[in-house]
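*Asks:* Structure provided below as structure tokens; questions to follow.
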Amino acid sequence: MQVKITLYLLISLIVSSCMDPKEDISNISIEHESISHKVDSLMSLMTLEEKVGQMNMYSDFWEATGPLPTEATSKYKFDHLKKGMVGAMLNVHGVEHIKKIQQIAVEESRLGIPLLFGYDVIHGFKTISPIPLAEAASWDLTAIEKSARIAAIEASATGLNWTFAPMVDVTRDARWGRVMEGAGEDPYLGSKIAIARVKGFQGENLSDLNTIAACAKHFAAYGFVESGKEYNSVDIGTSTLYNIILPPFKSAADAGVKTFMNSFNDLNGIPVTASKELQRDLLKGQWNFQGFIVSDWASIKELISWGYAKNESEAAKLAVSAGSDMDMEGYAYINALVDLVKEGGVDEQKINDAVSRILRLKFELGLFDNPYKYCNEAVETEKLGHKTHHTAALDMAKKSIVLLKNETNILPLKKTGQRIALIGPLANDNHSPLGNWRAAAEPNSAVSVLEGMASFKGNSIVYEKGVDLVNGDISFAKEGEINMTDTSQIKTAVKSALNADVVIMVLGEHGFQSGEARSKTNLNLPGLQQKLLKAVYEVNQNIVLVLNSGRPLAIDWAAEHIPSIIMGWQLGSQSGNAIAQVLYGDYVPSAKLPMSIPRSVGQIPIYYNHKNTGRPTNRENNVFWSHYLDSENSPLYPFGFGLSYTEFKYGNLKTNQDKYTVDDIIEISVKVSNIGSFDGKEVVQLYIRDLLASITRPVKELKGFKLVKFKKGETKKVTFNLSKEDLGFYNNTGEFVVEPGEFEIFIGGSSESRLNTTITLK
Ligand code: BGC
């Protein structure tokens with residue numbers, strides 16, 4: 001402790017002697033200025049070895065979220081902690097553990113600089129919210145922000161001060177397992193959700209006890225890995241990069257996110273970890289991002305496997321020159337940077353820049369005032385799994401459920417007198433609904449559908465598993481490992497279905513079958529589930545299919561035959577309660593798909609904001625147009641689609657003028673009526689189409705949405721304002737331009753809505 005106190009005194013003395021007494025600026029800038037002084041003062045005390053140490057992050061000794069190299073022994077890491085050669089730790093959590101490690105850094109190292117503690121708090125810490133893709137389906141920014149806020153409250157209570165979230169990668173390819181972590185296929189919705197999540201994690205003030213630093217990841221283009229295969233290559237043009245991939249990152253930066261994580265992929269031949277263009281020039285330069293960039297797990301060292309760096313030293317040099325500030329469990333910086341600087345291969349200024357960014361965050365978090373500020377056992381006990389967090393998780397889960405089909409109005413279910421057969425391997429599962437990236441959730445702690453349904457007492461329920469499902473965890477992820485010949489349980493399930501008034505089938509993929517390193521080539525229902533579904537359908541067609549999955553699945557047969565389908569994702573701790581309340585109509589579904597559901601895997605990548613092509617229609621009635629011989633072009637269910645138990649009608653779409661100048665605000669209104677027989681909510685969506693431009697533009701682009709409540713029979717006027725920011729785009733040199741011409745404007749309840757008008761921009 002002595003060392004630490006000396007350090008603080010020293011910094012304060014140096015800071016006060018450097019302060020300009022004439023400084024007359026606002027409190028915020030005084031604070032910012034004074035942090036800069038403190039950082040500079042601290043840096044002047046540091047050796048080169050200690051500076052490089054700040055740029056080094058290790059995973060813990062108990063848990064790993066990537067491949068651990070052999071040198072990663074506890075002894076080695078403890079030794080580095082004592083020598084001040086570690087700036088941050090990941091995967092350590094719990095007050096007890098964090099305190100122990102922080103104590104080594106603060107009390108045993110020469111300068112006692114506190115550590116950052118980062119963890120993948122992606123959708124909750126102990127109380128688990130729906131997976132991020134499911135939350136995105138709510139289009140409810142307030143609820144999404146609240147969900148991140150609760151995650152931050154629990155994470156900070158357990159000693160953490162940094163989350164590796166939000167993931168803001170736009171995703172068009174459901175074969176890639178990580179689609180579950182993001183907000184889906186649209187840059188506009190993705191940007192709004194990125195802002196909500198950053199605000200939720202970081203709160204109003206980062207130095208508060210219950211806020212943590214956020215991390216926008218994975219910068220950039222990781223969502224576009226070729227063929228959906230994990231860690232793969234990305235080759236895309238400037239237009240896609242600037243108009244589709246970067247907007248959510250830019251929004252996160254503008255919202256004040258404190259850190260960015262780079263990505264495993266290469267982009268047009270340059271591994272992103274070594275991309276100066278993306279990190280130093282664009283993010284830190286053009287966007288003026290003041291925080292720091294952490295590598296992804298060992299991505300610096302992996303420059304060698306990419307064939308881009310000949311050895312560890314070159315990998316370190318390339319990454320630091322490009323602007324990667326911290327090496328996550330990669331050992332390249334700690335092994336090579338000191339020598340690189342001494343030998344003149346890396347300018348020490350680059351090290352100073354990285355370290356000052358890292359230290360600034362530590363000051364902003366208040367770690368120098370109290371390195372143990374998040375380490376309070378009483379708070380930890382009180383906050384983790386708090387009842388109010390479960391109430392919010394339930395609310396979020398209900399808002400995330402998408403009603404895809406309800407042809408014969410089986411839903412909402414009658415509350416009494418029904419014999420219900422509840423069938424499927426996921427119906428009685430308490431583990432899978434927690435999804436992947438479940439942080440510190442207790443295993444098997446989710447409410448299953450069976451439990452949720454059982455809390456409604458008026459009906460009788462018979463449960464049958466039907467078939468087995470591979471659970472997909474790290475050591476057992478292969479579908480081939482399930483017994484595809486044992487159909488004995490199907491017979492029993494069919495018998496129960498025969499005697500039921502309604503059959504609820506809970507099918508899909510296990511929570512560990514999506515997420516990192518869970519790419520797939522087949523998006524059908526895994527294992528024997530399709531067989532089970534068909535067998536039950538043979539004897540009873542009154543079926544509600546509840547899909548559980550972390551990605552869109554190709555369910556074309558079900559969409560054609562099964563009368564009611566809901567997308568129940570992986571909804572977290574309160575999953576079963578949320579599903580039951582929606583099935584029984586206690587909550588009227590309001591969610592809309594954030595990602596198109598394909599008819600088959602062959603349509604992927606599939607997304608609503610595609611280009612028109614030169615041959616969009618079959619006007620000549622011949623084969624030479626942009627289509628498939630064996631499938632429709634359209635998805636099974638489009639982006640923005642989702643039904644309700646009630647029904648909405650749109651009309652009277654109006655703009656306040658027909659012609660506008662570039663700086664005008666375009667006011668658009670529409671009348672929306674609830675013509676069904678329930679109160680409900682509708683996500684009113686506005687899309688534009690730029691009809692003629694200097695680069696080809698998408699057939700539709702989301703530019704506004706409003707989540708509006710309607711009483712039964714109520715009509716409301718919903719108004720949107722568009723500005724030049726909404727009508728412009730990035731050209732192929734990455735410059736934002738607004739071009740005059742005609743724009744079509746569409747408003748409706750999905751990306752396929754047809755109600756439209758045209759305006760002219762002069
Ligand atoms: C993932 C990151 C994650 C990191 C730390 C990596 O494998 O790509 O998203 O934050 O591990 O767990």
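In the structure tokens, the first chain shown is A, the next is B, and so on; residue numbers restart at 1 for each chain, and ligands run from 1 in the order shown.
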Could you give me, as an MDAnalysis selection string, the residues within 7 Å of Asp169 in chain A, counting only C-alpha atoms and dropping anything in the same chain fewer than 3 positions from it?
*Replies:* chainID A and resid 182 217:218 221:223 245
*Asks:* Range 419-555 of chain A: which residues are helix (DSSP H, G or I) by DSSP, as JSON, numbers by chain?
*Replies:* {"A": [432, 433, 434, 449, 450, 451, 452, 453, 454, 479, 480, 481, 488, 489, 490, 491, 492, 493, 494, 495, 496, 497, 498, 511, 512, 513, 529, 530, 531, 532, 533, 534, 535, 536, 537, 538, 539]}
*Asks:* Please write the residues from the selection above to a file, keeping N, CA, C and O atoms, as a compact mmCIF listing (two decimals), in the first residue's frame.
*Replies:*
# COMPACT_ATOMS: atom_id res chain seq x y z
N SER A 432 -30.21 -24.72 -22.18
CA SER A 432 -30.10 -24.14 -23.52
C SER A 432 -30.61 -22.70 -23.63
O SER A 432 -29.99 -21.88 -24.31
N PRO A 433 -31.72 -22.33 -22.97
CA PRO A 433 -32.22 -20.97 -23.14
C PRO A 433 -31.25 -19.89 -22.68
O PRO A 433 -31.41 -18.72 -23.02
N LEU A 434 -30.22 -20.28 -21.91
CA LEU A 434 -29.23 -19.27 -21.47
C LEU A 434 -28.36 -18.84 -22.64
O LEU A 434 -27.69 -17.81 -22.58
N VAL A 449 -39.68 -24.12 -20.85
CA VAL A 449 -41.04 -23.91 -21.36
C VAL A 449 -42.04 -24.73 -20.54
O VAL A 449 -43.12 -24.25 -20.21
N LEU A 450 -41.64 -25.95 -20.19
CA LEU A 450 -42.53 -26.80 -19.39
C LEU A 450 -42.88 -26.10 -18.07
O LEU A 450 -44.05 -26.04 -17.67
N GLU A 451 -41.87 -25.54 -17.41
CA GLU A 451 -42.13 -24.85 -16.13
C GLU A 451 -43.00 -23.61 -16.35
O GLU A 451 -43.91 -23.34 -15.57
N GLY A 452 -42.68 -22.87 -17.40
CA GLY A 452 -43.46 -21.67 -17.68
C GLY A 452 -44.92 -22.00 -17.96
O GLY A 452 -45.84 -21.36 -17.45
N MET A 453 -45.13 -23.04 -18.76
CA MET A 453 -46.50 -23.46 -19.10
C MET A 453 -47.23 -23.98 -17.87
O MET A 453 -48.43 -23.76 -17.70
N ALA A 454 -46.49 -24.69 -17.02
CA ALA A 454 -47.12 -25.30 -15.85
C ALA A 454 -47.62 -24.26 -14.86
O ALA A 454 -48.51 -24.54 -14.04
N GLU A 479 -22.86 -32.28 -34.69
CA GLU A 479 -24.17 -32.91 -34.84
C GLU A 479 -24.09 -34.40 -35.13
O GLU A 479 -24.95 -35.16 -34.78
N GLY A 480 -23.01 -34.80 -35.82
CA GLY A 480 -22.84 -36.20 -36.17
C GLY A 480 -22.82 -37.10 -34.94
O GLY A 480 -22.99 -38.31 -35.04
N GLU A 481 -22.62 -36.49 -33.77
CA GLU A 481 -22.47 -37.31 -32.58
C GLU A 481 -23.79 -37.71 -31.95
O GLU A 481 -23.83 -38.31 -30.90
N SER A 488 -37.23 -44.30 -31.11
CA SER A 488 -38.20 -44.89 -30.18
C SER A 488 -39.03 -43.83 -29.45
O SER A 488 -40.24 -44.02 -29.25
N GLN A 489 -38.37 -42.72 -29.10
CA GLN A 489 -39.11 -41.69 -28.33
C GLN A 489 -40.16 -40.99 -29.20
O GLN A 489 -41.10 -40.39 -28.70
N ILE A 490 -39.94 -41.05 -30.53
CA ILE A 490 -40.90 -40.37 -31.42
C ILE A 490 -42.28 -41.03 -31.29
O ILE A 490 -43.31 -40.35 -31.24
N LYS A 491 -42.27 -42.35 -31.18
CA LYS A 491 -43.54 -43.08 -31.11
C LYS A 491 -44.36 -42.63 -29.90
O LYS A 491 -45.57 -42.40 -29.99
N THR A 492 -43.70 -42.50 -28.77
CA THR A 492 -44.41 -42.08 -27.55
C THR A 492 -44.93 -40.65 -27.71
O THR A 492 -46.05 -40.34 -27.28
N ALA A 493 -44.12 -39.81 -28.34
CA ALA A 493 -44.54 -38.42 -28.53
C ALA A 493 -45.79 -38.38 -29.42
O ALA A 493 -46.74 -37.63 -29.16
N VAL A 494 -45.76 -39.18 -30.46
CA VAL A 494 -46.90 -39.21 -31.39
C VAL A 494 -48.17 -39.65 -30.66
O VAL A 494 -49.26 -39.09 -30.86
N LYS A 495 -48.03 -40.62 -29.78
CA LYS A 495 -49.18 -41.12 -29.01
C LYS A 495 -49.79 -39.98 -28.17
O LYS A 495 -51.01 -39.80 -28.13
N SER A 496 -48.92 -39.22 -27.53
CA SER A 496 -49.43 -38.10 -26.72
C SER A 496 -50.09 -37.04 -27.59
O SER A 496 -51.11 -36.45 -27.21
N ALA A 497 -49.51 -36.81 -28.76
CA ALA A 497 -50.07 -35.79 -29.66
C ALA A 497 -51.47 -36.18 -30.13
O ALA A 497 -52.36 -35.33 -30.29
N LEU A 498 -51.64 -37.47 -30.33
CA LEU A 498 -52.91 -38.01 -30.81
C LEU A 498 -54.08 -37.61 -29.91
O LEU A 498 -55.18 -37.31 -30.36
N GLY A 511 -28.46 -24.01 -27.09
CA GLY A 511 -27.81 -22.73 -26.83
C GLY A 511 -26.33 -22.67 -27.17
O GLY A 511 -25.79 -21.61 -27.44
N PHE A 512 -25.67 -23.81 -27.16
CA PHE A 512 -24.24 -23.82 -27.48
C PHE A 512 -23.97 -24.13 -28.95
O PHE A 512 -22.83 -24.30 -29.34
N GLN A 513 -25.05 -24.25 -29.74
CA GLN A 513 -24.81 -24.53 -31.16
C GLN A 513 -24.68 -23.28 -32.00
O GLN A 513 -24.48 -23.35 -33.20
N GLN A 529 -35.16 -33.83 -35.40
CA GLN A 529 -36.32 -33.00 -35.05
C GLN A 529 -37.34 -32.84 -36.20
O GLN A 529 -38.54 -32.79 -35.96
N GLN A 530 -36.84 -32.75 -37.43
CA GLN A 530 -37.77 -32.63 -38.55
C GLN A 530 -38.63 -33.89 -38.66
O GLN A 530 -39.84 -33.82 -38.91
N LYS A 531 -37.99 -35.02 -38.44
CA LYS A 531 -38.70 -36.30 -38.47
C LYS A 531 -39.80 -36.30 -37.40
O LYS A 531 -40.94 -36.72 -37.66
N LEU A 532 -39.44 -35.83 -36.23
CA LEU A 532 -40.40 -35.75 -35.12
C LEU A 532 -41.56 -34.83 -35.48
O LEU A 532 -42.74 -35.17 -35.29
N LEU A 533 -41.23 -33.68 -36.04
CA LEU A 533 -42.27 -32.71 -36.39
C LEU A 533 -43.25 -33.31 -37.40
O LEU A 533 -44.48 -33.21 -37.24
N LYS A 534 -42.71 -33.97 -38.41
CA LYS A 534 -43.57 -34.57 -39.43
C LYS A 534 -44.42 -35.69 -38.85
O LYS A 534 -45.60 -35.82 -39.18
N ALA A 535 -43.82 -36.48 -37.99
CA ALA A 535 -44.55 -37.61 -37.40
C ALA A 535 -45.72 -37.10 -36.55
O ALA A 535 -46.84 -37.64 -36.61
N VAL A 536 -45.51 -36.05 -35.81
CA VAL A 536 -46.59 -35.49 -34.99
C VAL A 536 -47.66 -34.87 -35.88
O VAL A 536 -48.86 -35.05 -35.68
N TYR A 537 -47.22 -34.19 -36.90
CA TYR A 537 -48.14 -33.52 -37.84
C TYR A 537 -49.07 -34.53 -38.51
O TYR A 537 -50.23 -34.24 -38.79
N GLU A 538 -48.57 -35.73 -38.74
CA GLU A 538 -49.39 -36.80 -39.34
C GLU A 538 -50.64 -37.08 -38.52
O GLU A 538 -51.68 -37.42 -39.05
N VAL A 539 -50.52 -36.96 -37.18
CA VAL A 539 -51.65 -37.35 -36.33
C VAL A 539 -52.39 -36.16 -35.74
O VAL A 539 -53.54 -36.29 -35.29
*Asks:* Mind listing the strand (DSSP E) residues of range 318-493 of chain A, per DSSP on the backbone, as a tab-separated table (two decimals) with all heavy atoms, in the first residue's frame?
*Replies:*
chain	number	residue	atom	x	y	z
A	327	ASP	N	-2.67	-6.14	-26.26
A	327	ASP	CA	-2.54	-7.50	-26.79
A	327	ASP	C	-3.28	-8.46	-25.85
A	327	ASP	O	-2.85	-8.68	-24.71
A	327	ASP	CB	-1.04	-7.83	-26.84
A	327	ASP	CG	-0.73	-9.21	-27.41
A	327	ASP	OD1	-1.67	-9.94	-27.76
A	327	ASP	OD2	0.47	-9.55	-27.49
A	328	MET	N	-4.37	-9.03	-26.34
A	328	MET	CA	-5.14	-9.94	-25.50
A	328	MET	C	-4.59	-11.36	-25.61
A	328	MET	O	-4.67	-11.98	-26.68
A	328	MET	CB	-6.63	-9.95	-25.91
A	328	MET	CG	-7.50	-10.87	-25.08
A	328	MET	SD	-9.10	-11.24	-25.82
A	328	MET	CE	-9.98	-9.72	-25.68
A	402	VAL	N	-40.91	-13.28	-31.64
A	402	VAL	CA	-41.54	-12.89	-32.91
A	402	VAL	C	-42.59	-13.93	-33.30
A	402	VAL	O	-42.29	-15.13	-33.39
A	402	VAL	CB	-40.49	-12.80	-34.04
A	402	VAL	CG1	-41.12	-12.20	-35.30
A	402	VAL	CG2	-39.27	-11.99	-33.62
A	403	LEU	N	-43.81	-13.45	-33.53
A	403	LEU	CA	-44.87	-14.33	-34.03
A	403	LEU	C	-44.74	-14.39	-35.55
A	403	LEU	O	-44.92	-13.38	-36.24
A	403	LEU	CB	-46.24	-13.77	-33.62
A	403	LEU	CG	-47.46	-14.57	-34.10
A	403	LEU	CD1	-47.50	-15.97	-33.48
A	403	LEU	CD2	-48.75	-13.82	-33.77
A	404	LEU	N	-44.39	-15.57	-36.06
A	404	LEU	CA	-44.14	-15.69	-37.50
A	404	LEU	C	-45.39	-16.12	-38.27
A	404	LEU	O	-45.57	-15.78	-39.44
A	404	LEU	CB	-43.02	-16.70	-37.76
A	404	LEU	CG	-41.62	-16.31	-37.26
A	404	LEU	CD1	-40.63	-17.46	-37.48
A	404	LEU	CD2	-41.12	-15.05	-37.95
A	405	LYS	N	-46.23	-16.89	-37.62
A	405	LYS	CA	-47.40	-17.40	-38.33
A	405	LYS	C	-48.48	-17.73	-37.30
A	405	LYS	O	-48.16	-18.25	-36.23
A	405	LYS	CB	-46.99	-18.66	-39.08
A	405	LYS	CG	-48.01	-19.16	-40.07
A	405	LYS	CD	-47.47	-20.35	-40.85
A	405	LYS	CE	-48.60	-20.93	-41.71
A	405	LYS	NZ	-48.28	-22.24	-42.26
A	406	ASN	N	-49.73	-17.42	-37.65
A	406	ASN	CA	-50.83	-17.79	-36.74
A	406	ASN	C	-52.09	-17.93	-37.57
A	406	ASN	O	-53.10	-17.28	-37.34
A	406	ASN	CB	-51.01	-16.70	-35.66
A	406	ASN	CG	-51.83	-17.19	-34.48
A	406	ASN	OD1	-51.97	-18.40	-34.27
A	406	ASN	ND2	-52.40	-16.27	-33.72
A	419	ARG	N	-56.26	-30.10	-23.42
A	419	ARG	CA	-55.22	-31.11	-23.21
A	419	ARG	C	-54.05	-30.71	-24.11
A	419	ARG	O	-54.21	-30.70	-25.34
A	419	ARG	CB	-55.73	-32.49	-23.59
A	419	ARG	CG	-56.78	-33.07	-22.63
A	419	ARG	CD	-57.51	-34.22	-23.25
A	419	ARG	NE	-58.10	-33.80	-24.52
A	419	ARG	CZ	-58.57	-34.63	-25.45
A	419	ARG	NH1	-58.53	-35.92	-25.26
A	419	ARG	NH2	-59.10	-34.16	-26.57
A	420	ILE	N	-52.96	-30.36	-23.48
A	420	ILE	CA	-51.80	-29.89	-24.25
A	420	ILE	C	-50.71	-30.95	-24.26
A	420	ILE	O	-50.33	-31.46	-23.20
A	420	ILE	CB	-51.25	-28.57	-23.66
A	420	ILE	CG1	-52.29	-27.46	-23.83
A	420	ILE	CG2	-49.94	-28.16	-24.34
A	420	ILE	CD1	-51.87	-26.12	-23.28
A	421	ALA	N	-50.23	-31.27	-25.46
A	421	ALA	CA	-49.02	-32.12	-25.54
A	421	ALA	C	-47.85	-31.19	-25.81
A	421	ALA	O	-47.84	-30.46	-26.81
A	421	ALA	CB	-49.16	-33.13	-26.67
A	422	LEU	N	-46.92	-31.19	-24.89
A	422	LEU	CA	-45.72	-30.34	-25.03
A	422	LEU	C	-44.58	-31.26	-25.45
A	422	LEU	O	-44.19	-32.15	-24.69
A	422	LEU	CB	-45.42	-29.65	-23.70
A	422	LEU	CG	-44.21	-28.72	-23.67
A	422	LEU	CD1	-44.37	-27.56	-24.62
A	422	LEU	CD2	-44.00	-28.19	-22.25
A	423	ILE	N	-44.08	-31.05	-26.67
A	423	ILE	CA	-43.14	-32.03	-27.24
A	423	ILE	C	-41.87	-31.35	-27.74
A	423	ILE	O	-41.92	-30.27	-28.32
A	423	ILE	CB	-43.83	-32.76	-28.43
A	423	ILE	CG1	-45.05	-33.54	-27.92
A	423	ILE	CG2	-42.86	-33.70	-29.14
A	423	ILE	CD1	-45.87	-34.21	-29.00
A	460	SER	N	-54.36	-29.27	-18.94
A	460	SER	CA	-53.49	-30.39	-18.55
A	460	SER	C	-52.35	-30.49	-19.56
A	460	SER	O	-52.55	-30.25	-20.76
A	460	SER	CB	-54.28	-31.68	-18.51
A	460	SER	OG	-54.67	-32.02	-19.82
A	461	ILE	N	-51.17	-30.80	-19.05
A	461	ILE	CA	-49.99	-30.86	-19.94
A	461	ILE	C	-49.34	-32.23	-19.86
A	461	ILE	O	-49.08	-32.75	-18.77
A	461	ILE	CB	-48.93	-29.80	-19.53
A	461	ILE	CG1	-49.51	-28.40	-19.59
A	461	ILE	CG2	-47.70	-29.88	-20.44
A	461	ILE	CD1	-48.55	-27.30	-19.19
A	462	VAL	N	-49.07	-32.80	-21.03
A	462	VAL	CA	-48.25	-34.01	-21.08
A	462	VAL	C	-46.96	-33.63	-21.79
A	462	VAL	O	-47.01	-33.00	-22.85
A	462	VAL	CB	-48.94	-35.12	-21.90
A	462	VAL	CG1	-48.09	-36.37	-21.94
A	462	VAL	CG2	-50.30	-35.41	-21.35
A	463	TYR	N	-45.84	-34.00	-21.21
A	463	TYR	CA	-44.57	-33.65	-21.84
A	463	TYR	C	-43.89	-34.87	-22.44
A	463	TYR	O	-43.80	-35.92	-21.80
A	463	TYR	CB	-43.63	-32.98	-20.82
A	463	TYR	CG	-42.20	-32.99	-21.28
A	463	TYR	CD1	-41.81	-32.20	-22.37
A	463	TYR	CD2	-41.24	-33.81	-20.69
A	463	TYR	CE1	-40.51	-32.24	-22.85
A	463	TYR	CE2	-39.93	-33.86	-21.16
A	463	TYR	CZ	-39.58	-33.07	-22.24
A	463	TYR	OH	-38.30	-33.12	-22.72
A	464	GLU	N	-43.39	-34.73	-23.65
A	464	GLU	CA	-42.59	-35.79	-24.30
A	464	GLU	C	-41.37	-35.16	-24.96
A	464	GLU	O	-41.50	-34.20	-25.71
A	464	GLU	CB	-43.40	-36.49	-25.41
A	464	GLU	CG	-44.62	-37.23	-24.94
A	464	GLU	CD	-44.29	-38.46	-24.09
A	464	GLU	OE1	-43.12	-38.88	-24.08
A	464	GLU	OE2	-45.22	-38.96	-23.43
*Asks:* With only C-alpha atoms and all ligand atoms counted, collect every polymer residue having an atom within 8 Å of ligand 1; state the result as a PDB file with C-alpha atoms, in the first residue's frame.
*Replies:*
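selection-v4.pdb written:
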ATOM      1  CA  ALA A  64     -10.550 -19.538 -21.010  1.00  0.00           C
ATOM      2  CA  THR A  65     -12.534 -18.220 -23.961  1.00  0.00           C
ATOM      3  CA  GLY A  66      -9.896 -19.125 -26.525  1.00  0.00           C
ATOM      4  CA  LEU A  90      -9.883 -11.087 -18.702  1.00  0.00           C
ATOM      5  CA  ASN A  91     -12.091 -13.888 -17.512  1.00  0.00           C
ATOM      6  CA  TYR A 119     -15.195 -10.121 -19.323  1.00  0.00           C
ATOM      7  CA  ASP A 120     -17.657 -11.078 -22.020  1.00  0.00           C
ATOM      8  CA  PHE A 164     -16.329  -6.915 -24.289  1.00  0.00           C
ATOM      9  CA  ALA A 165     -19.674  -5.777 -25.638  1.00  0.00           C
ATOM     10  CA  MET A 167     -20.826  -6.684 -30.659  1.00  0.00           C
ATOM     11  CA  LYS A 217     -16.374  -5.181 -31.472  1.00  0.00           C
ATOM     12  CA  HIS A 218     -15.156  -6.636 -33.811  1.00  0.00           C
ATOM     13  CA  MET A 261     -11.791  -4.622 -30.194  1.00  0.00           C
ATOM     14  CA  SER A 263     -11.221  -8.645 -35.400  1.00  0.00           C
ATOM     15  CA  PHE A 264      -9.754 -12.001 -36.386  1.00  0.00           C
ATOM     16  CA  ASP A 296      -8.975 -10.054 -30.133  1.00  0.00           C
ATOM     17  CA  TRP A 297      -7.710 -13.185 -28.418  1.00  0.00           C
ATOM     18  CA  MET A 328      -5.142  -9.942 -25.497  1.00  0.00           C
ATOM     19  CA  GLU A 516     -18.106 -18.279 -31.573  1.00  0.00           C
TER      20      GLU A 516
END
*Asks:* In Å, how far is it from CA of Phe641 in chain A to CA of Gly749 in chain A?
*Replies:*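 Going from CA of Phe641 in chain A over to CA of Gly749 in chain A covers 6.7 Å.
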*Asks:* Which residues are close to Leu755 in chain A, i.e. within 10 Å by only C-alpha atoms, leaving aside same-chain residues fewer than 3 positions away? Reply as a list in words.
*Replies:*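 Once the nearby chain positions are removed, what remains is Tyr650, Gly651, Asn652, Leu653, Val670, Ile745, Phe746, Ile747, Gly748 and Glu752 of chain A.
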*Asks:* Using only C-alpha atoms, which protein or nucleic acid residues come within 6 Å of Pro594 in chain A? Drop anything in the same chain fewer than 4 positions from it, and give the result as a count of residues only.
*Replies:* 3
*Asks:* Report as a ChimeraX atom specification all protein, DNA and RNA residues lying within 8 Å of Val52 in chain A, evaluated on only C-alpha atoms, omitting residues in the same chain fewer than 3 positions from it.
*Replies:* /A:48-49,55-56,85,333-334,337-338,351,355
*Asks:* Nearest to Leu523 in chain A: which of A:Pro598, A:Gly237, A:Gly84, A:Gly203 is it, counting only C-alpha atoms?
*Replies:*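 Looking at the shortest contact to Leu523 in chain A, the residue is A:Pro598.
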*Asks:* I'd like to know which of A:Lys700, A:Ala440, A:Ser673, A:Val168 is closest to Leu384 in chain A, using only C-alpha atoms.
*Replies:*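 That would be A:Ala440, the residue with the smallest distance to Leu384 in chain A.
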*Asks:* From the list A:Leu361, A:Val272, A:Ala148, A:Val601, which residue is nearest Ser631 in chain A when using only C-alpha atoms?
*Replies:* A:Val601
*Asks:* Choose the residue, out of A:Lys342, A:Lys659, A:Lys310, A:Lys250, that has the smallest atom-to-atom separation from Thr758 in chain A; count only C-alpha atoms.
*Replies:*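 Of all the options, A:Lys659 lies closest to Thr758 in chain A.
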*Asks:* Can you measure CA of Asn335 in chain A to CA of Leu81 in chain A for me? One decimal in Å is fine.
*Replies:*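 CA of Leu81 in chain A lies at a distance of 14.6 Å from CA of Asn335 in chain A.
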*Asks:* Counting only C-alpha atoms, figure out which residue out of A:Ile606, A:Ile759, A:Ala591, A:Leu426 gets nearest to Ala397 in chain A.
*Replies:* A:Ala591
